[in-house]
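Below is model-v3.pdb, holding PDB, C-alpha atoms and all ligand atoms.
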ATOM      1  CA  MET G  24       0.000   0.000   0.000  1.00  0.00           C
ATOM      2  CA  LYS G  25       0.995   3.606  -0.322  1.00  0.00           C
ATOM      3  CA  ILE G  26       0.173   6.787   1.532  1.00  0.00           C
ATOM      4  CA  ILE G  27      -0.729   9.880  -0.413  1.00  0.00           C
ATOM      5  CA  CYS G  28      -0.809  13.198   1.433  1.00  0.00           C
ATOM      6  CA  ILE G  29      -2.459  16.420   0.344  1.00  0.00           C
ATOM      7  CA  GLY G  30      -0.811  19.715   1.267  1.00  0.00           C
ATOM      8  CA  ARG G  31      -2.370  23.145   1.791  1.00  0.00           C
ATOM      9  CA  ASN G  32      -5.959  21.957   1.670  1.00  0.00           C
ATOM     10  CA  TYR G  33      -7.372  24.394   4.252  1.00  0.00           C
ATOM     11  CA  ILE G  34      -7.147  28.136   3.633  1.00  0.00           C
ATOM     12  CA  ASN G  35      -6.172  29.065   7.197  1.00  0.00           C
ATOM     13  CA  HIS G  36      -3.386  26.476   7.287  1.00  0.00           C
ATOM     14  CA  ALA G  37      -1.973  27.692   3.960  1.00  0.00           C
ATOM     15  CA  LYS G  38      -1.994  31.190   5.451  1.00  0.00           C
ATOM     16  CA  GLU G  39      -0.167  30.144   8.620  1.00  0.00           C
ATOM     17  CA  MET G  40       2.501  28.504   6.419  1.00  0.00           C
ATOM     18  CA  ASN G  41       2.714  31.651   4.229  1.00  0.00           C
ATOM     19  CA  ALA G  42       1.870  29.372   1.311  1.00  0.00           C
ATOM     20  CA  GLU G  43      -0.133  30.310  -1.750  1.00  0.00           C
ATOM     21  CA  ILE G  44      -3.492  28.706  -2.391  1.00  0.00           C
ATOM     22  CA  GLN G  45      -2.964  26.318  -5.289  1.00  0.00           C
ATOM     23  CA  GLU G  46      -5.269  25.869  -8.251  1.00  0.00           C
ATOM     24  CA  GLU G  47      -4.971  22.096  -7.997  1.00  0.00           C
ATOM     25  CA  PRO G  48      -4.202  19.779  -5.063  1.00  0.00           C
ATOM     26  CA  VAL G  49      -0.571  19.523  -3.945  1.00  0.00           C
ATOM     27  CA  PHE G  50       0.297  15.931  -3.170  1.00  0.00           C
ATOM     28  CA  PHE G  51       3.276  13.958  -1.948  1.00  0.00           C
ATOM     29  CA  MET G  52       3.753  10.398  -0.722  1.00  0.00           C
ATOM     30  CA  LYS G  53       4.945   8.464   2.278  1.00  0.00           C
ATOM     31  CA  PRO G  54       6.075   4.815   2.023  1.00  0.00           C
ATOM     32  CA  ASP G  55       4.303   1.990   3.851  1.00  0.00           C
ATOM     33  CA  THR G  56       7.089   2.098   6.465  1.00  0.00           C
ATOM     34  CA  ALA G  57       5.701   5.483   7.554  1.00  0.00           C
ATOM     35  CA  LEU G  58       2.465   3.947   8.800  1.00  0.00           C
ATOM     36  CA  CYS G  59       2.321   3.819  12.614  1.00  0.00           C
ATOM     37  CA  LYS G  60      -0.409   1.851  14.352  1.00  0.00           C
ATOM     38  CA  GLU G  61       1.299   1.885  17.757  1.00  0.00           C
ATOM     39  CA  SER G  62       0.238   4.094  20.640  1.00  0.00           C
ATOM     40  CA  ASP G  63       3.803   5.190  21.393  1.00  0.00           C
ATOM     41  CA  PHE G  64       5.676   7.515  19.055  1.00  0.00           C
ATOM     42  CA  TYR G  65       9.393   8.200  19.455  1.00  0.00           C
ATOM     43  CA  ILE G  66      10.614  11.576  18.222  1.00  0.00           C
ATOM     44  CA  PRO G  67      13.454  10.892  15.767  1.00  0.00           C
ATOM     45  CA  ASP G  68      16.754  12.469  16.747  1.00  0.00           C
ATOM     46  CA  PHE G  69      17.254  14.281  13.427  1.00  0.00           C
ATOM     47  CA  THR G  70      14.628  16.929  14.140  1.00  0.00           C
ATOM     48  CA  LYS G  71      14.244  19.610  16.770  1.00  0.00           C
ATOM     49  CA  GLU G  72      10.855  20.756  15.496  1.00  0.00           C
ATOM     50  CA  LEU G  73       8.443  17.892  14.932  1.00  0.00           C
ATOM     51  CA  HIS G  74       5.030  19.287  14.018  1.00  0.00           C
ATOM     52  CA  HIS G  75       1.655  17.578  14.384  1.00  0.00           C
ATOM     53  CA  GLU G  76      -0.765  17.829  11.453  1.00  0.00           C
ATOM     54  CA  VAL G  77      -4.047  16.088  12.240  1.00  0.00           C
ATOM     55  CA  GLU G  78      -5.875  15.011   9.086  1.00  0.00           C
ATOM     56  CA  LEU G  79      -8.929  13.139   7.894  1.00  0.00           C
ATOM     57  CA  VAL G  80      -7.815   9.985   6.082  1.00  0.00           C
ATOM     58  CA  ILE G  81      -9.743   8.108   3.410  1.00  0.00           C
ATOM     59  CA  LYS G  82      -9.152   4.448   2.634  1.00  0.00           C
ATOM     60  CA  ILE G  83      -9.251   3.336  -0.986  1.00  0.00           C
ATOM     61  CA  CYS G  84     -11.486   0.279  -1.576  1.00  0.00           C
ATOM     62  CA  LYS G  85     -11.259  -0.126  -5.346  1.00  0.00           C
ATOM     63  CA  ALA G  86      -8.360   0.120  -7.780  1.00  0.00           C
ATOM     64  CA  GLY G  87      -8.580   2.844 -10.372  1.00  0.00           C
ATOM     65  CA  LYS G  88      -6.853   5.390 -12.550  1.00  0.00           C
ATOM     66  CA  HIS G  89      -8.185   8.450 -14.357  1.00  0.00           C
ATOM     67  CA  ILE G  90     -11.181   8.362 -12.021  1.00  0.00           C
ATOM     68  CA  ASN G  91     -13.910  10.823 -12.907  1.00  0.00           C
ATOM     69  CA  GLU G  92     -14.875  13.085 -10.009  1.00  0.00           C
ATOM     70  CA  SER G  93     -18.509  12.032 -10.306  1.00  0.00           C
ATOM     71  CA  PHE G  94     -17.550   8.390  -9.596  1.00  0.00           C
ATOM     72  CA  ALA G  95     -14.831   9.103  -7.027  1.00  0.00           C
ATOM     73  CA  LYS G  96     -17.081   8.385  -4.055  1.00  0.00           C
ATOM     74  CA  ASN G  97     -17.159   4.705  -5.097  1.00  0.00           C
ATOM     75  CA  TYR G  98     -13.404   4.419  -4.601  1.00  0.00           C
ATOM     76  CA  TYR G  99     -13.220   4.961  -0.827  1.00  0.00           C
ATOM     77  CA  ASN G 100     -15.306   3.286   1.820  1.00  0.00           C
ATOM     78  CA  GLU G 101     -13.837   4.296   5.171  1.00  0.00           C
ATOM     79  CA  ILE G 102     -12.803   7.546   6.815  1.00  0.00           C
ATOM     80  CA  GLY G 103     -10.368   7.798   9.679  1.00  0.00           C
ATOM     81  CA  LEU G 104      -8.020  10.098  11.485  1.00  0.00           C
ATOM     82  CA  GLY G 105      -4.252  10.286  11.190  1.00  0.00           C
ATOM     83  CA  ILE G 106      -1.303  12.541  11.820  1.00  0.00           C
ATOM     84  CA  ASP G 107       1.055  13.715   9.105  1.00  0.00           C
ATOM     85  CA  PHE G 108       4.123  14.229  11.279  1.00  0.00           C
ATOM     86  CA  THR G 109       6.449  16.775   9.752  1.00  0.00           C
ATOM     87  CA  ALA G 110      10.023  17.642  10.671  1.00  0.00           C
ATOM     88  CA  ARG G 111       9.356  21.337  10.079  1.00  0.00           C
ATOM     89  CA  ASP G 112      12.970  22.417  10.549  1.00  0.00           C
ATOM     90  CA  ILE G 113      14.107  19.974   7.868  1.00  0.00           C
ATOM     91  CA  GLN G 114      11.190  20.779   5.580  1.00  0.00           C
ATOM     92  CA  GLN G 115      12.081  24.465   5.782  1.00  0.00           C
ATOM     93  CA  LYS G 116      15.670  23.741   4.703  1.00  0.00           C
ATOM     94  CA  CYS G 117      14.413  21.560   1.832  1.00  0.00           C
ATOM     95  CA  LYS G 118      12.062  24.322   0.699  1.00  0.00           C
ATOM     96  CA  GLU G 119      14.824  26.936   0.781  1.00  0.00           C
ATOM     97  CA  LYS G 120      17.032  24.742  -1.408  1.00  0.00           C
ATOM     98  CA  GLY G 121      14.180  23.653  -3.685  1.00  0.00           C
ATOM     99  CA  LEU G 122      14.744  20.027  -2.658  1.00  0.00           C
ATOM    100  CA  PRO G 123      12.103  17.287  -2.192  1.00  0.00           C
ATOM    101  CA  TRP G 124      10.463  16.958   1.246  1.00  0.00           C
ATOM    102  CA  GLU G 125      10.894  13.225   1.861  1.00  0.00           C
ATOM    103  CA  LYS G 126      13.380  13.601   4.712  1.00  0.00           C
ATOM    104  CA  ALA G 127      10.893  15.824   6.520  1.00  0.00           C
ATOM    105  CA  LYS G 128       7.732  13.890   5.720  1.00  0.00           C
ATOM    106  CA  ALA G 129       8.344  10.258   4.788  1.00  0.00           C
ATOM    107  CA  PHE G 130      10.446   8.936   7.665  1.00  0.00           C
ATOM    108  CA  ASP G 131       9.539   5.775   9.605  1.00  0.00           C
ATOM    109  CA  ASN G 132       6.341   6.081  11.661  1.00  0.00           C
ATOM    110  CA  SER G 133       5.621   9.584  10.339  1.00  0.00           C
ATOM    111  CA  ALA G 134       2.008   8.605   9.582  1.00  0.00           C
ATOM    112  CA  PRO G 135       0.205   7.498  12.761  1.00  0.00           C
ATOM    113  CA  ILE G 136      -3.272   6.197  11.995  1.00  0.00           C
ATOM    114  CA  GLY G 137      -6.249   5.643  14.257  1.00  0.00           C
ATOM    115  CA  LYS G 138      -9.479   3.798  13.717  1.00  0.00           C
ATOM    116  CA  PHE G 139     -11.831   4.146  10.766  1.00  0.00           C
ATOM    117  CA  ILE G 140     -15.566   4.495  10.328  1.00  0.00           C
ATOM    118  CA  ASP G 141     -17.671   3.337   7.388  1.00  0.00           C
ATOM    119  CA  LYS G 142     -18.290   6.221   5.024  1.00  0.00           C
ATOM    120  CA  GLY G 143     -22.007   5.448   5.012  1.00  0.00           C
ATOM    121  CA  LYS G 144     -22.305   6.189   8.722  1.00  0.00           C
ATOM    122  CA  ILE G 145     -21.276   9.842   8.464  1.00  0.00           C
ATOM    123  CA  ASP G 146     -21.700  12.841   6.208  1.00  0.00           C
ATOM    124  CA  ALA G 147     -18.344  13.093   4.414  1.00  0.00           C
ATOM    125  CA  ALA G 148     -18.999  16.763   3.638  1.00  0.00           C
ATOM    126  CA  ASN G 149     -19.439  17.716   7.297  1.00  0.00           C
ATOM    127  CA  ILE G 150     -17.002  15.884   9.545  1.00  0.00           C
ATOM    128  CA  ASN G 151     -15.724  17.630  12.635  1.00  0.00           C
ATOM    129  CA  PHE G 152     -12.291  16.667  13.841  1.00  0.00           C
ATOM    130  CA  GLU G 153     -10.010  17.869  16.571  1.00  0.00           C
ATOM    131  CA  LEU G 154      -6.571  17.261  18.037  1.00  0.00           C
ATOM    132  CA  LYS G 155      -6.055  17.720  21.760  1.00  0.00           C
ATOM    133  CA  ILE G 156      -2.629  17.722  23.381  1.00  0.00           C
ATOM    134  CA  ASN G 157      -2.533  17.017  27.103  1.00  0.00           C
ATOM    135  CA  GLY G 158      -6.259  17.704  27.138  1.00  0.00           C
ATOM    136  CA  ALA G 159      -6.059  21.142  25.471  1.00  0.00           C
ATOM    137  CA  SER G 160      -7.547  21.752  22.022  1.00  0.00           C
ATOM    138  CA  ARG G 161      -4.832  22.482  19.425  1.00  0.00           C
ATOM    139  CA  GLN G 162      -6.393  21.891  15.996  1.00  0.00           C
ATOM    140  CA  ILE G 163     -10.034  21.918  14.976  1.00  0.00           C
ATOM    141  CA  GLY G 164     -11.207  21.227  11.443  1.00  0.00           C
ATOM    142  CA  ASN G 165     -14.244  20.331   9.405  1.00  0.00           C
ATOM    143  CA  SER G 166     -14.335  18.629   6.016  1.00  0.00           C
ATOM    144  CA  LYS G 167     -16.706  21.326   4.762  1.00  0.00           C
ATOM    145  CA  ASP G 168     -13.685  23.677   4.765  1.00  0.00           C
ATOM    146  CA  LEU G 169     -11.562  21.493   2.480  1.00  0.00           C
ATOM    147  CA  ILE G 170     -10.356  23.441  -0.557  1.00  0.00           C
ATOM    148  CA  PHE G 171     -10.333  20.174  -2.522  1.00  0.00           C
ATOM    149  CA  THR G 172     -12.980  17.644  -1.503  1.00  0.00           C
ATOM    150  CA  PHE G 173     -12.279  13.925  -1.150  1.00  0.00           C
ATOM    151  CA  ASP G 174     -13.779  13.367  -4.605  1.00  0.00           C
ATOM    152  CA  LYS G 175     -11.661  16.094  -6.214  1.00  0.00           C
ATOM    153  CA  ILE G 176      -8.524  14.687  -4.566  1.00  0.00           C
ATOM    154  CA  ILE G 177      -9.231  11.175  -5.900  1.00  0.00           C
ATOM    155  CA  ALA G 178      -9.958  12.505  -9.405  1.00  0.00           C
ATOM    156  CA  HIS G 179      -6.781  14.574  -9.444  1.00  0.00           C
ATOM    157  CA  VAL G 180      -4.311  12.131  -7.910  1.00  0.00           C
ATOM    158  CA  SER G 181      -5.561   9.196 -10.019  1.00  0.00           C
ATOM    159  CA  GLN G 182      -4.609  11.065 -13.189  1.00  0.00           C
ATOM    160  CA  PHE G 183      -0.983  10.518 -12.189  1.00  0.00           C
ATOM    161  CA  VAL G 184      -0.925   7.588  -9.765  1.00  0.00           C
ATOM    162  CA  THR G 185      -3.016   4.407  -9.929  1.00  0.00           C
ATOM    163  CA  LEU G 186      -4.934   3.968  -6.685  1.00  0.00           C
ATOM    164  CA  LYS G 187      -5.043   0.491  -5.205  1.00  0.00           C
ATOM    165  CA  VAL G 188      -7.134  -1.185  -2.522  1.00  0.00           C
ATOM    166  CA  GLY G 189      -5.796  -0.275   0.918  1.00  0.00           C
ATOM    167  CA  ASP G 190      -4.064   2.934  -0.123  1.00  0.00           C
ATOM    168  CA  LEU G 191      -4.581   5.792   2.296  1.00  0.00           C
ATOM    169  CA  ILE G 192      -5.025   9.453   1.446  1.00  0.00           C
ATOM    170  CA  TYR G 193      -4.251  11.992   4.185  1.00  0.00           C
ATOM    171  CA  THR G 194      -6.411  14.882   3.078  1.00  0.00           C
ATOM    172  CA  GLY G 195      -4.649  17.881   4.620  1.00  0.00           C
ATOM    173  CA  THR G 196      -4.463  19.638   7.951  1.00  0.00           C
ATOM    174  CA  PRO G 197      -6.357  22.633   9.304  1.00  0.00           C
ATOM    175  CA  GLU G 198      -4.656  25.553  11.043  1.00  0.00           C
ATOM    176  CA  GLY G 199      -2.943  25.225  14.392  1.00  0.00           C
ATOM    177  CA  VAL G 200       0.045  23.026  13.566  1.00  0.00           C
ATOM    178  CA  GLY G 201       2.816  23.107  16.133  1.00  0.00           C
ATOM    179  CA  ALA G 202       5.612  21.174  17.778  1.00  0.00           C
ATOM    180  CA  VAL G 203       5.205  18.137  20.020  1.00  0.00           C
ATOM    181  CA  LYS G 204       7.559  17.260  22.850  1.00  0.00           C
ATOM    182  CA  ILE G 205       8.442  14.180  24.862  1.00  0.00           C
ATOM    183  CA  GLY G 206       5.717  13.410  27.374  1.00  0.00           C
ATOM    184  CA  ASP G 207       2.868  14.877  25.313  1.00  0.00           C
ATOM    185  CA  SER G 208      -0.356  12.920  25.035  1.00  0.00           C
ATOM    186  CA  LEU G 209      -2.172  13.389  21.720  1.00  0.00           C
ATOM    187  CA  GLU G 210      -5.842  12.571  21.275  1.00  0.00           C
ATOM    188  CA  GLY G 211      -7.652  12.826  17.960  1.00  0.00           C
ATOM    189  CA  PHE G 212     -11.434  13.092  17.789  1.00  0.00           C
ATOM    190  CA  LEU G 213     -13.761  12.574  14.846  1.00  0.00           C
ATOM    191  CA  ASN G 214     -17.237  13.960  15.448  1.00  0.00           C
ATOM    192  CA  LYS G 215     -16.347  14.123  19.181  1.00  0.00           C
ATOM    193  CA  GLU G 216     -15.423  10.433  19.332  1.00  0.00           C
ATOM    194  CA  LEU G 217     -11.881   9.350  20.239  1.00  0.00           C
ATOM    195  CA  PHE G 218     -10.243   7.862  17.125  1.00  0.00           C
ATOM    196  CA  LEU G 219      -6.532   8.207  17.818  1.00  0.00           C
ATOM    197  CA  LYS G 220      -4.330   8.270  20.891  1.00  0.00           C
ATOM    198  CA  LEU G 221      -0.583   8.733  20.866  1.00  0.00           C
ATOM    199  CA  ASN G 222       2.053   9.116  23.563  1.00  0.00           C
ATOM    200  CA  ILE G 223       5.121  11.075  22.530  1.00  0.00           C
ATOM    201  CA  LYS G 224       8.335   9.471  23.803  1.00  0.00           C
TER     202      LYS G 224
HETATM  203 MG    MG S 301      -0.182  17.425   6.058  1.00  0.00          MG
END
Output the file's structure in the form of structure tokens.
Ligand code: MG
Amino acid sequence: MKIICIGRNYINHAKEMNAEIQEEPVFFMKPDTALCKESDFYIPDFTKELHHEVELVIKICKAGKHINESFAKNYYNEIGLGIDFTARDIQQKCKEKGLPWEKAKAFDNSAPIGKFIDKGKIDAANINFELKINGASRQIGNSKDLIFTFDKIIAHVSQFVTLKVGDLIYTGTPEGVGAVKIGDSLEGFLNKELFLKLNIK
């Protein structure tokens, strides 16, 4: 399986990153070794600024390429919550040099994932989600504020990359990204229900 991540998909997050709003989705990938299903996360020693980015994640249930937007909803069946961990200090250096972001984004365990819910049980266009750290709210988002909807993402990405069953798409983070530190307890909520819990070590 592969992990596809969408960047700058909420206006207020693009603003906090001083990034332009793009006319089409920005995407990058993480390898399967980035997936982290454990409840403990160890900060890698190569970064001094590891940022949390809580994101809604869709799970691909049908292989496809060149998927038309009007059929895209048939290609994912579950929605979950994940974190796109980002070594912001390294990403910044990559950006300055015009280099790829993999070192900052694709390292081992950089994609924690929580549980999923069947798409049919919720309204994909109005999903509340939130990240709390040590009990305090740090990021709040709603899928209605996505610049590019799940269907648009699938249509766009599948023009370039064949989607396969089990692939995950991290759909972008809302505003409020920031650094985590050893000892932090992260809790991710989807429509007020706990979907993800992570202890930072
Ligand atoms: Mg992200």
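The smallest atom-to-atom distance between Ile205 in chain G and any of G:Asn157, G:Asn165, G:Thr56, G:Thr109, using all atoms listed in the file, is found for G:Asn157.
In this structure, CA of Tyr33 in chain G sits 7.1 Å away from CA of Gly195 in chain G.
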Exercise. Exactly which residues make up the result of the PyMOL selection byres (((not hetatm)) within 10 of (chain S and resi 301)) on this file, given as a list in words?
Worked result: Ile27, Cys28, Ile29, Gly30, Arg31, Asn32, His36, Phe50, Phe51, His74, His75, Glu76, Val77, Glu78, Leu79, Gly105, Ile106, Asp107, Phe108, Thr109, Lys128, Ala134, Tyr193, Thr194, Gly195, Thr196, Pro197 and Val200 of chain G
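The space between CA of Trp124 in chain G and CA of Asp190 in chain G spans 20.2 Å.
Between Asp68 in chain G and the residues G:Ile26, G:Pro123, G:Phe152, G:Ile113, the shortest atom-to-atom distance, using only C-alpha atoms, involves G:Ile113.
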For the structure provided, state which residues fall under the PyMOL selection byres (((chain G and resi 186) around 6) and not hetatm), and present them as a tab-separated table (two decimals) with C-alpha atoms, in the frame of the given file.
chain	number	residue	atom	x	y	z
G	86	ALA	CA	-8.36	0.12	-7.78
G	87	GLY	CA	-8.58	2.84	-10.37
G	185	THR	CA	-3.02	4.41	-9.93
G	187	LYS	CA	-5.04	0.49	-5.20
Exercise. Which distance in Å separates CA of Ala148 in chain G and CA of Lys167 in chain G, to one decimal?
Worked result: 5.2 Å
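Using only C-alpha atoms, the nearest neighbour of Gln114 in chain G within the list G:Leu221, G:Ala127, G:Val80, G:Lys60 is G:Ala127.
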Exercise. Mind telling me what the PyMOL selection byres (((chain G and resi 97) around 12) and not hetatm) catches here, as a ChimeraX atom specification?
Worked result: /G:81-87,90-96,98-101,142-143,173-174,177-178,188
For this session: Kindly provide, as JSON, numbers by chain, the polymer residues lying within 6 Å of (-2.8, 9.2, 23.0), counting only C-alpha atoms and using the coordinates exactly as they appear in the file.
Result: {"G": [208, 209, 210, 220, 221, 222]}
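Remark: for Ile66 in chain G, the closest of the candidate residues G:Gln45, G:Asn214, G:Asn132, G:Asn35 is G:Asn132 (distances computed over all atoms listed in the file).
For the residues G:Asp168, G:Glu46, G:Glu119, G:Glu61, ranking by smallest atom-to-atom distance to Ile136 in chain G using all atoms listed in the file places G:Glu61 first.
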Exercise. In terms of the shortest atom-to-atom distance over all atoms listed in the file, which of G:Asp207, G:Phe69, G:Ile223, G:Leu58 is closest to Gly158 in chain G?
Worked result: G:Asp207
Grab all the atoms of range 26-30 of chain G that the file lists, wrap them in a box along x, y and z, add 3 Å per side, and give me centre plus edge lengths in Å (one decimal) as JSON.
{"center_x": -1.1, "center_y": 13.3, "center_z": 0.6, "size_x": 8.6, "size_y": 18.9, "size_z": 7.9}
